[in-house]
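Since the structure comes first, as structure tokens, the remarks are kept for the end.
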Amino acid sequence: MTGLLRPRSIGANRQRVDGPAKVTGTAPYAYEHPVPNPAYLHPVQATIARGDITDMRTDEAVGLDGVLAVLTPFDAPRLETGQDAELEILQSPEVHFRGQLIGAVVAETPEIARQAAGLVRVSYARRDHDVSLSADRSDLYRPDEVNAGGETDTRQGDPDGAFAGAARAVDATYTTPMYHNNPMEPHTTVASWDSTGLTIYDSTQGVHTMRQVVASTFGIEESDIRVVAPYVGGGFGSKGTPHANIVLTVLAAKRMAGRPVKYALTRQQMFSFVGYRTPTIQRVRLGADEHGRLVSLSNHVVEQTSRIKEYAEQSCEPARKMYAAPNRGTSHRLAPLDVPVPSWMRAPGECPGMFAPEVAMDELAQACDLDPIELRVRNEPETDPASGLPFSSRNLVACLREGARRFGWAGRPALARSTLEGGWWVGTGVASSAYPVHQSPGSSTATVRFTADRRYEVRIGAVDIGTGAWTALTQIAADALDVPFEDVDLRIGDTGLPAAAVAGGSSGITNWGWAIVEAARAFREKFGAGPSPGDERTATQPENPHTERFAMSAYGAQFAEVRVDTDTGEVRVPRLLGVFAAGRIVNPRTARSQFVGGMTMGLSMALHEESVTDERFGFVVNHDLAEYHIAACADVRSVEAHWLDEHDPYVNPMGTKGIGEIGIVGTAAAIANAAYHATGVRVRDLPITADKFL
Amino acid sequence: MIPFDYRRADDVDSAVATVTGNPRAAFLGGGTNLVDHMKLGIAEPELLVDVTGLPLDRVEELPDGGLRIGTNVRNSDLAAHPLVRERYPVLAQAVLAGASGQLRNLATTGGNLLQRTRCVYFQDVTTPCNKRTPGEGCAALHGYTRYHAVLGASPHCVAVHPSDLAVALTALDAVVRVRRADGERTVRASALHRLPGAHAERDTVLEHGELITAVDLPPLRFAANSRYRKARDRASYAFALVSVAAALDVADGRVRDVRLALGGVAHKPWHATLAEHAMRGGPATVDAFQAAADAELAEAEPLPDNGFKLKLARNMIVSALRGLAGEDAP
Ligand SMILES: Cc1cc2nc3c(=O)[nH]c(=O)nc-3n(C[C@H](O)[C@H](O)[C@H](O)COP(=O)(O)OP(=O)(O)OC[C@H]3O[C@@H](n4cnc5c(N)ncnc54)[C@H](O)[C@@H]3O)c2cc1C
Ligand code: SF4
């Protein structure tokens, strides 16, 4: 056991401690930190997708009133190279993708910087570029491993043979397009580099990660860098690892020697160099006996990466773990293209990788003449199909059943295209969700200190990207110290605090919370219940002995009602309902917002989102929020999130599993399945747009 | 983006004189389109003449029973106006189908009509576009064309006009009142916007310095039986894939009069004259509506990504007319 905490604050429906500051506009986001006499940066971006810069004429820009500096690859400060090609900008004249950062203007105002950036004249020696992903490219390759350390290929038994002999079969190809993270707050950096060191106010998911990357990129000591991020307006993974915009701003700050430099991305720039979710092409084959029991399950995925830096999205993970099947095969293949580096986007791998198998399961249910919930129940594994380990807890079936009850699944017509109401085809669909419990032992450290005014100050370099970490960590600290919530003062978002893991992989609460619990326990052990002002203890999150013994994941079931207009094919989703089993819920208010937010983003993926690449130019042409559609309020009618009371003593002392990402996993499949049920049209290529029903 | 001067117009004549006299000056309405274009480098005015303070912000009844809409009537106010809702529901519905609440609160009548295409290549100065820079070529022609034209395009430009308001005004045969340096002129709404031909850079027939002061809605009794239908990729806050503005006058099962315009299909709001002609005097039946839609769309030339617009337009025309004829129309 992990010494599960006795919950008092944990589980309470607490308002966000940062709420009043946010709604009154007094919570400083990165751009808003007051710095003396700031200068403003606007980048110069490549307008070709591959080639070399032969010349950059900057005289016009330099000549503009108010321009302070212009940086180009020919004169920018040098970086440490050979570590991360994505970050090593302005070090050579090479262009690897369109939109790449190739220069910067620093000026007295953002407007002057923008104008001057437009006056920089760039000449290129172009080379042919290639940005076209397809499954039949001859240069697809096998990465050594995939994101989060997973295996590239897996094989159990004889998937092909078993598939060939299966009584019921589904063999189909599914595609998900490219997606771009668009948190409300674009990536923003304020950097100031003077004789005392480098200070960075940044919109980041991890201050310590950022510090470490900046230190190694610039070849300086971490102790000379401070990164501050008390409030962040969303990240969804795109701020989890530093991107080139940070390097550009710090390069400029170095050039400006002491004068702070501010850079906030425009919305269009969000589509160029801060990561995106790779498009996927997934060939799924399911073979089953006549009762719907899987005998073979495979998913072979083709994705893209950039030529300069590999990123392999782990899209096969769901196919490896969700259902029992004696024969199984999965593989990832990558096309190296002249594109920006793909990166993390909410539930990387799990999210796109759940879409194809969960739609295939719906197709299999139809082939077996079975209710889709019953099909899933029949294929529930006893132990984790990937590792063979027992589950620390797995309540997928309970989620499916509870969801069916709440949603009103019973009595659903078995046949597709059987309900017509007032000019709409109406249907319902279901899909499963899962998300692994990630943890990084040793990654996070916390300090508990008793202050002169008899309060408990809890210090940890965690970051709240809008998730509710400010509140949830305070609740955890209160219970770990056995004091009222009000007695805890949390300090986060600063490298001046003890080191902490990045807010990513739905692991923030696991990593940071555990460090806080360790520190609190060490504090009480040393000082007892009556500490003196100044007493303090620091501790680091330990190894979890149970990760070797158990497979740990959160599970969920998502239900959708879909309406398709008989005249226009327009798709609306009046109802989404999810039931999740994600361990203990620290705060129902912030948890609901995570689940509902994830589901809404899943709806957005199902119906709207698609980054359209123009292959001739090599970039995403619908690069703003008028053209790249994200679900609007009118798209989201009733979104309900529920959860089961789940006790898992093995995951960590809080009993939590992580809830930031599971909400987006499976949603798109539930909606696609409901759209099929409504219309009889099987859409295997996202997004599910009107034209597909005409 | 370049530095610019800003001036508030005191009166119509001097505003017109100022802009007419300076080829780098522009009128500023709500700014929801123009200011975006300035940031993106699509428009580079050196002087903005803000006309929103001019007393052109009322909806007035005209003696003949029509309405005059001042150019500075904000889209939100236009859609909410009781007389508009009662007499010209198609117009109120069209405005409400556009943009978002915040944008409609700022957007003006004239600014809405003169907003420019959302063609993604037009909006990105790093790609060639004849509308931005004549002679440069059209990046859309062999590019991403989901939202582009199926009617009346040219090899020079395949963009569509994005305004919903303009489609309704075309169906209603509204008249746009324009002030110019030497007086006033009127332009029919259906003739305000152009087809691209060899001059994609010209969206409308207006000359530089001409100020829209008002839009007149002629009296049209049967416009009370009108509607706007817009198909789009999300439930709100999206431009039309296809939209239909229709008004129908049926007596004894026959079409006495009909008005029909399409949005999202052409470089201008598309007045469906062929369909109107086919229906007028004929039976108010689904068959007749289908035949009329087919007549209108016969000349359509879809692009690789937008063939679906034909079926969509046909279905929407038929369903809008059928709804106006009464759901029991045979
Ligand atoms: C995200 C987004 C979504 C949108 N969705 C829709 C939609 O679905 N449907 C829709 O119809 N619209 C939509 N719009 C566009 C919106 O309706 C227009 O931006 C708005 O109507 C423009 O009005 P404005 O007063 O702000 O014009 P401005 O931006 O001020 O001006 C636009 C143009 O008109 C000129 N101008 C302004 N007033 C006059 C005048 N009186 N006489 C002569 N010239 C003048 C200006 O010089 C400029 O060239 C959307 C806009 C955005 C940003
Ligand atoms: S369609 Fe028209 S607006 Fe679009 S790129 Fe071509 S010329 Fe420009």
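We label chains A, B, ... in the order they appear in the structure tokens, count residues from 1 in each chain, and number ligands from 1 in the order shown.
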Contacts of Phe4 in chain B at 7 Å (only C-alpha atoms; same-chain gap of 3+ positions) as JSON, numbers by chain:
{"B": [45, 46, 47]}
Next, write the just-selected residues to a file, as a PDB file, in the first residue's frame, keeping C-alpha atoms as the atom set.
ATOM      1  CA  PRO B  45      -4.124  52.484 -44.983  1.00  0.00           C
ATOM      2  CA  GLU B  46      -2.168  55.440 -43.662  1.00  0.00           C
ATOM      3  CA  LEU B  47      -5.321  57.216 -42.504  1.00  0.00           C
TER       4      LEU B  47
END
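Contacts from chain B to chain A at a cut-off of 8 Å (only C-alpha atoms) map to Met1, Ile2, Pro3, Val120, Tyr121, Thr126, Gly143, Tyr144, Ala231, Arg232, Asp233, Arg234, Ala235, Ser236, Tyr237, Ala238, Phe308, Lys311, Leu312, Asn315, Met316 and Ser319 of chain B.
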When DSSP works through the backbone of this structure, what residues of range 1-67 of chain A end up as helix (DSSP H, G or I), shown as a PDB file with all heavy atoms, in the first residue's frame?
ATOM      1  N   GLY A  19      -9.299  31.602  -8.284  1.00  0.00           N
ATOM      2  CA  GLY A  19     -10.457  32.107  -9.014  1.00  0.00           C
ATOM      3  C   GLY A  19     -10.655  33.614  -8.907  1.00  0.00           C
ATOM      4  O   GLY A  19     -10.730  34.306  -9.932  1.00  0.00           O
ATOM      5  N   PRO A  20     -10.707  34.157  -7.689  1.00  0.00           N
ATOM      6  CA  PRO A  20     -10.942  35.606  -7.584  1.00  0.00           C
ATOM      7  C   PRO A  20      -9.884  36.431  -8.326  1.00  0.00           C
ATOM      8  O   PRO A  20     -10.220  37.392  -9.024  1.00  0.00           O
ATOM      9  CB  PRO A  20     -10.888  35.847  -6.070  1.00  0.00           C
ATOM     10  CG  PRO A  20     -11.306  34.535  -5.474  1.00  0.00           C
ATOM     11  CD  PRO A  20     -10.749  33.481  -6.388  1.00  0.00           C
ATOM     12  N   ALA A  21      -8.625  36.040  -8.208  1.00  0.00           N
ATOM     13  CA  ALA A  21      -7.577  36.804  -8.904  1.00  0.00           C
ATOM     14  C   ALA A  21      -7.775  36.722 -10.418  1.00  0.00           C
ATOM     15  O   ALA A  21      -7.576  37.699 -11.144  1.00  0.00           O
ATOM     16  CB  ALA A  21      -6.193  36.276  -8.525  1.00  0.00           C
ATOM     17  N   LYS A  22      -8.199  35.560 -10.893  1.00  0.00           N
ATOM     18  CA  LYS A  22      -8.374  35.422 -12.344  1.00  0.00           C
ATOM     19  C   LYS A  22      -9.558  36.232 -12.852  1.00  0.00           C
ATOM     20  O   LYS A  22      -9.455  36.940 -13.848  1.00  0.00           O
ATOM     21  CB  LYS A  22      -8.540  33.952 -12.715  1.00  0.00           C
ATOM     22  CG  LYS A  22      -7.201  33.223 -12.731  1.00  0.00           C
ATOM     23  CD  LYS A  22      -7.351  31.795 -13.202  1.00  0.00           C
ATOM     24  CE  LYS A  22      -5.971  31.144 -13.294  1.00  0.00           C
ATOM     25  NZ  LYS A  22      -6.074  29.701 -13.510  1.00  0.00           N
ATOM     26  N   VAL A  23     -10.684  36.125 -12.156  1.00  0.00           N
ATOM     27  CA  VAL A  23     -11.849  36.827 -12.698  1.00  0.00           C
ATOM     28  C   VAL A  23     -11.763  38.336 -12.494  1.00  0.00           C
ATOM     29  O   VAL A  23     -12.434  39.091 -13.182  1.00  0.00           O
ATOM     30  CB  VAL A  23     -13.191  36.293 -12.140  1.00  0.00           C
ATOM     31  CG1 VAL A  23     -13.377  34.836 -12.500  1.00  0.00           C
ATOM     32  CG2 VAL A  23     -13.295  36.481 -10.639  1.00  0.00           C
ATOM     33  N   ALA A  30       1.972  35.521 -18.122  1.00  0.00           N
ATOM     34  CA  ALA A  30       3.377  35.797 -18.455  1.00  0.00           C
ATOM     35  C   ALA A  30       3.595  37.216 -18.976  1.00  0.00           C
ATOM     36  O   ALA A  30       4.484  37.931 -18.516  1.00  0.00           O
ATOM     37  CB  ALA A  30       3.879  34.773 -19.474  1.00  0.00           C
ATOM     38  N   TYR A  31       2.762  37.611 -19.942  1.00  0.00           N
ATOM     39  CA  TYR A  31       2.983  38.900 -20.603  1.00  0.00           C
ATOM     40  C   TYR A  31       2.784  40.069 -19.652  1.00  0.00           C
ATOM     41  O   TYR A  31       3.272  41.163 -19.892  1.00  0.00           O
ATOM     42  CB  TYR A  31       1.998  39.025 -21.773  1.00  0.00           C
ATOM     43  CG  TYR A  31       2.421  39.967 -22.865  1.00  0.00           C
ATOM     44  CD1 TYR A  31       3.371  39.588 -23.801  1.00  0.00           C
ATOM     45  CD2 TYR A  31       1.851  41.242 -22.982  1.00  0.00           C
ATOM     46  CE1 TYR A  31       3.750  40.439 -24.830  1.00  0.00           C
ATOM     47  CE2 TYR A  31       2.222  42.100 -24.004  1.00  0.00           C
ATOM     48  CZ  TYR A  31       3.180  41.696 -24.930  1.00  0.00           C
ATOM     49  OH  TYR A  31       3.553  42.527 -25.947  1.00  0.00           O
ATOM     50  N   GLU A  32       2.028  39.816 -18.578  1.00  0.00           N
ATOM     51  CA  GLU A  32       1.593  40.915 -17.722  1.00  0.00           C
ATOM     52  C   GLU A  32       2.541  41.207 -16.557  1.00  0.00           C
ATOM     53  O   GLU A  32       2.293  42.135 -15.798  1.00  0.00           O
ATOM     54  CB  GLU A  32       0.201  40.611 -17.178  1.00  0.00           C
ATOM     55  CG  GLU A  32      -0.818  40.514 -18.288  1.00  0.00           C
ATOM     56  CD  GLU A  32      -2.079  39.778 -17.887  1.00  0.00           C
ATOM     57  OE1 GLU A  32      -2.065  39.048 -16.866  1.00  0.00           O
ATOM     58  OE2 GLU A  32      -3.069  39.914 -18.603  1.00  0.00           O
ATOM     59  N   ASP A  59      18.556  46.197 -43.746  1.00  0.00           N
ATOM     60  CA  ASP A  59      18.785  47.640 -43.609  1.00  0.00           C
ATOM     61  C   ASP A  59      17.497  48.446 -43.461  1.00  0.00           C
ATOM     62  O   ASP A  59      17.410  49.365 -42.648  1.00  0.00           O
ATOM     63  CB  ASP A  59      19.651  48.181 -44.755  1.00  0.00           C
ATOM     64  CG  ASP A  59      19.409  47.474 -46.060  1.00  0.00           C
ATOM     65  OD1 ASP A  59      19.058  46.265 -46.012  1.00  0.00           O
ATOM     66  OD2 ASP A  59      19.532  48.097 -47.118  1.00  0.00           O
ATOM     67  N   GLU A  60      16.466  48.056 -44.232  1.00  0.00           N
ATOM     68  CA  GLU A  60      15.203  48.790 -44.129  1.00  0.00           C
ATOM     69  C   GLU A  60      14.614  48.659 -42.721  1.00  0.00           C
ATOM     70  O   GLU A  60      14.119  49.624 -42.144  1.00  0.00           O
ATOM     71  CB  GLU A  60      14.191  48.205 -45.119  1.00  0.00           C
ATOM     72  CG  GLU A  60      13.894  49.083 -46.311  1.00  0.00           C
ATOM     73  CD  GLU A  60      12.790  48.450 -47.150  1.00  0.00           C
ATOM     74  OE1 GLU A  60      13.046  47.410 -47.795  1.00  0.00           O
ATOM     75  OE2 GLU A  60      11.675  48.982 -47.115  1.00  0.00           O
ATOM     76  N   ALA A  61      14.672  47.436 -42.205  1.00  0.00           N
ATOM     77  CA  ALA A  61      14.129  47.190 -40.865  1.00  0.00           C
ATOM     78  C   ALA A  61      14.933  47.963 -39.827  1.00  0.00           C
ATOM     79  O   ALA A  61      14.372  48.647 -38.961  1.00  0.00           O
ATOM     80  CB  ALA A  61      14.143  45.702 -40.557  1.00  0.00           C
ATOM     81  N   VAL A  62      16.236  47.862 -39.934  1.00  0.00           N
ATOM     82  CA  VAL A  62      17.097  48.541 -38.962  1.00  0.00           C
ATOM     83  C   VAL A  62      16.874  50.050 -39.012  1.00  0.00           C
ATOM     84  O   VAL A  62      16.915  50.740 -37.989  1.00  0.00           O
ATOM     85  CB  VAL A  62      18.591  48.208 -39.249  1.00  0.00           C
ATOM     86  CG1 VAL A  62      19.506  49.071 -38.396  1.00  0.00           C
ATOM     87  CG2 VAL A  62      18.849  46.729 -39.018  1.00  0.00           C
ATOM     88  N   GLY A  63      16.569  50.535 -40.205  1.00  0.00           N
ATOM     89  CA  GLY A  63      16.409  51.977 -40.386  1.00  0.00           C
ATOM     90  C   GLY A  63      15.108  52.530 -39.820  1.00  0.00           C
ATOM     91  O   GLY A  63      14.925  53.745 -39.721  1.00  0.00           O
TER      92      GLY A  63
END
Mind listing the residues within 6 Å of ligand 2, only C-alpha atoms and all ligand atoms counted, as an MDAnalysis selection string?
chainID B and resid 119 121:122 129:131 138:140 156:159 200
I need the residues from that last selection saved to file as a tab-separated table (two decimals), in the first residue's frame (with N, CA, C and O atoms), if you can.
chain	number	residue	atom	x	y	z
B	119	CYS	N	-11.14	33.76	-47.97
B	119	CYS	CA	-10.20	32.86	-48.66
B	119	CYS	C	-8.87	32.85	-47.88
B	119	CYS	O	-8.28	33.89	-47.61
B	121	TYR	N	-5.94	32.07	-48.59
B	121	TYR	CA	-4.75	32.56	-49.29
B	121	TYR	C	-4.77	34.08	-49.35
B	121	TYR	O	-3.73	34.74	-49.24
B	122	PHE	N	-5.96	34.63	-49.52
B	122	PHE	CA	-6.09	36.09	-49.47
B	122	PHE	C	-5.59	36.60	-48.12
B	122	PHE	O	-4.96	37.66	-48.03
B	129	CYS	N	-2.00	35.90	-54.55
B	129	CYS	CA	-3.45	36.16	-54.58
B	129	CYS	C	-3.71	37.36	-55.48
B	129	CYS	O	-3.21	38.45	-55.23
B	130	ASN	N	-4.51	37.15	-56.50
B	130	ASN	CA	-4.85	38.25	-57.40
B	130	ASN	C	-5.68	39.33	-56.74
B	130	ASN	O	-5.67	40.48	-57.17
B	131	LYS	N	-6.41	38.95	-55.74
B	131	LYS	CA	-7.26	39.94	-55.09
B	131	LYS	C	-6.41	40.91	-54.27
B	131	LYS	O	-6.69	42.09	-54.21
B	138	CYS	N	-3.54	33.03	-58.50
B	138	CYS	CA	-4.54	32.65	-57.49
B	138	CYS	C	-4.12	31.35	-56.84
B	138	CYS	O	-4.14	30.30	-57.48
B	139	ALA	N	-3.73	31.43	-55.59
B	139	ALA	CA	-3.25	30.23	-54.89
B	139	ALA	C	-4.38	29.24	-54.63
B	139	ALA	O	-4.15	28.05	-54.50
B	140	ALA	N	-5.60	29.75	-54.57
B	140	ALA	CA	-6.71	28.87	-54.22
B	140	ALA	C	-7.07	27.92	-55.34
B	140	ALA	O	-7.49	26.78	-55.10
B	156	HIS	N	-9.13	33.78	-62.46
B	156	HIS	CA	-8.38	34.77	-61.68
B	156	HIS	C	-8.71	34.72	-60.20
B	156	HIS	O	-7.91	35.13	-59.37
B	157	CYS	N	-9.90	34.28	-59.89
B	157	CYS	CA	-10.32	34.26	-58.49
B	157	CYS	C	-11.53	33.35	-58.32
B	157	CYS	O	-12.49	33.43	-59.09
B	158	VAL	N	-11.46	32.50	-57.29
B	158	VAL	CA	-12.57	31.59	-57.02
B	158	VAL	C	-13.13	31.81	-55.61
B	158	VAL	O	-13.75	30.93	-55.02
B	159	ALA	N	-12.90	32.99	-55.09
B	159	ALA	CA	-13.32	33.28	-53.71
B	159	ALA	C	-14.83	33.50	-53.64
B	159	ALA	O	-15.49	33.77	-54.64
B	200	ALA	N	-10.04	40.53	-59.95
B	200	ALA	CA	-10.34	39.99	-58.63
B	200	ALA	C	-10.18	41.03	-57.53
B	200	ALA	O	-10.81	40.94	-56.49
Taking only C-alpha atoms and all ligand atoms into account, which residues have an atom no farther than 6 Å from ligand 1? I'd like them as number ranges by chain.
A: 626; B: 26-34, 71, 98-99, 106-108, 110-112, 114-115, 162-165, 211-213, 237-239
Taking 2 positions as the minimum chain separation for residues in the same chain, which residues sit within 7 Å of range 324-338 of chain A when counting only C-alpha atoms? Answer as a VMD selection string.
chain A and resid 49 to 50 96 to 97 129 to 131 133 139 to 143 152 to 159 162 294 to 307 316 379 to 381 385
DSSP says strand (DSSP E) for which residues of range 46-209 of chain B? Put them as an MDAnalysis selection string?
chainID B and resid 47:50 59:61 67:70 175:180 183:188
Any idea what's packed within 10 Å of Ala80 in chain B, counting only C-alpha atoms, ignoring anything in its chain fewer than 6 positions away? Could you give it as a PyMOL selection string?
chain B and resi 92-93+95-96
For the residues in that selection, give me N, CA, C and O atoms as a PDB file, in the first residue's frame.
ATOM      1  N   ALA B  92     -33.304  39.576 -40.376  1.00  0.00           N
ATOM      2  CA  ALA B  92     -32.921  39.387 -38.966  1.00  0.00           C
ATOM      3  C   ALA B  92     -32.218  38.042 -38.787  1.00  0.00           C
ATOM      4  O   ALA B  92     -31.191  37.931 -38.109  1.00  0.00           O
ATOM      5  N   GLN B  93     -32.781  37.021 -39.431  1.00  0.00           N
ATOM      6  CA  GLN B  93     -32.180  35.683 -39.292  1.00  0.00           C
ATOM      7  C   GLN B  93     -30.780  35.638 -39.904  1.00  0.00           C
ATOM      8  O   GLN B  93     -29.873  35.002 -39.360  1.00  0.00           O
ATOM      9  N   VAL B  95     -28.608  38.071 -40.230  1.00  0.00           N
ATOM     10  CA  VAL B  95     -27.628  38.767 -39.400  1.00  0.00           C
ATOM     11  C   VAL B  95     -27.271  37.909 -38.189  1.00  0.00           C
ATOM     12  O   VAL B  95     -26.098  37.757 -37.832  1.00  0.00           O
ATOM     13  N   LEU B  96     -28.291  37.322 -37.588  1.00  0.00           N
ATOM     14  CA  LEU B  96     -28.019  36.507 -36.398  1.00  0.00           C
ATOM     15  C   LEU B  96     -27.221  35.246 -36.724  1.00  0.00           C
ATOM     16  O   LEU B  96     -26.570  34.677 -35.852  1.00  0.00           O
TER      17      LEU B  96
END
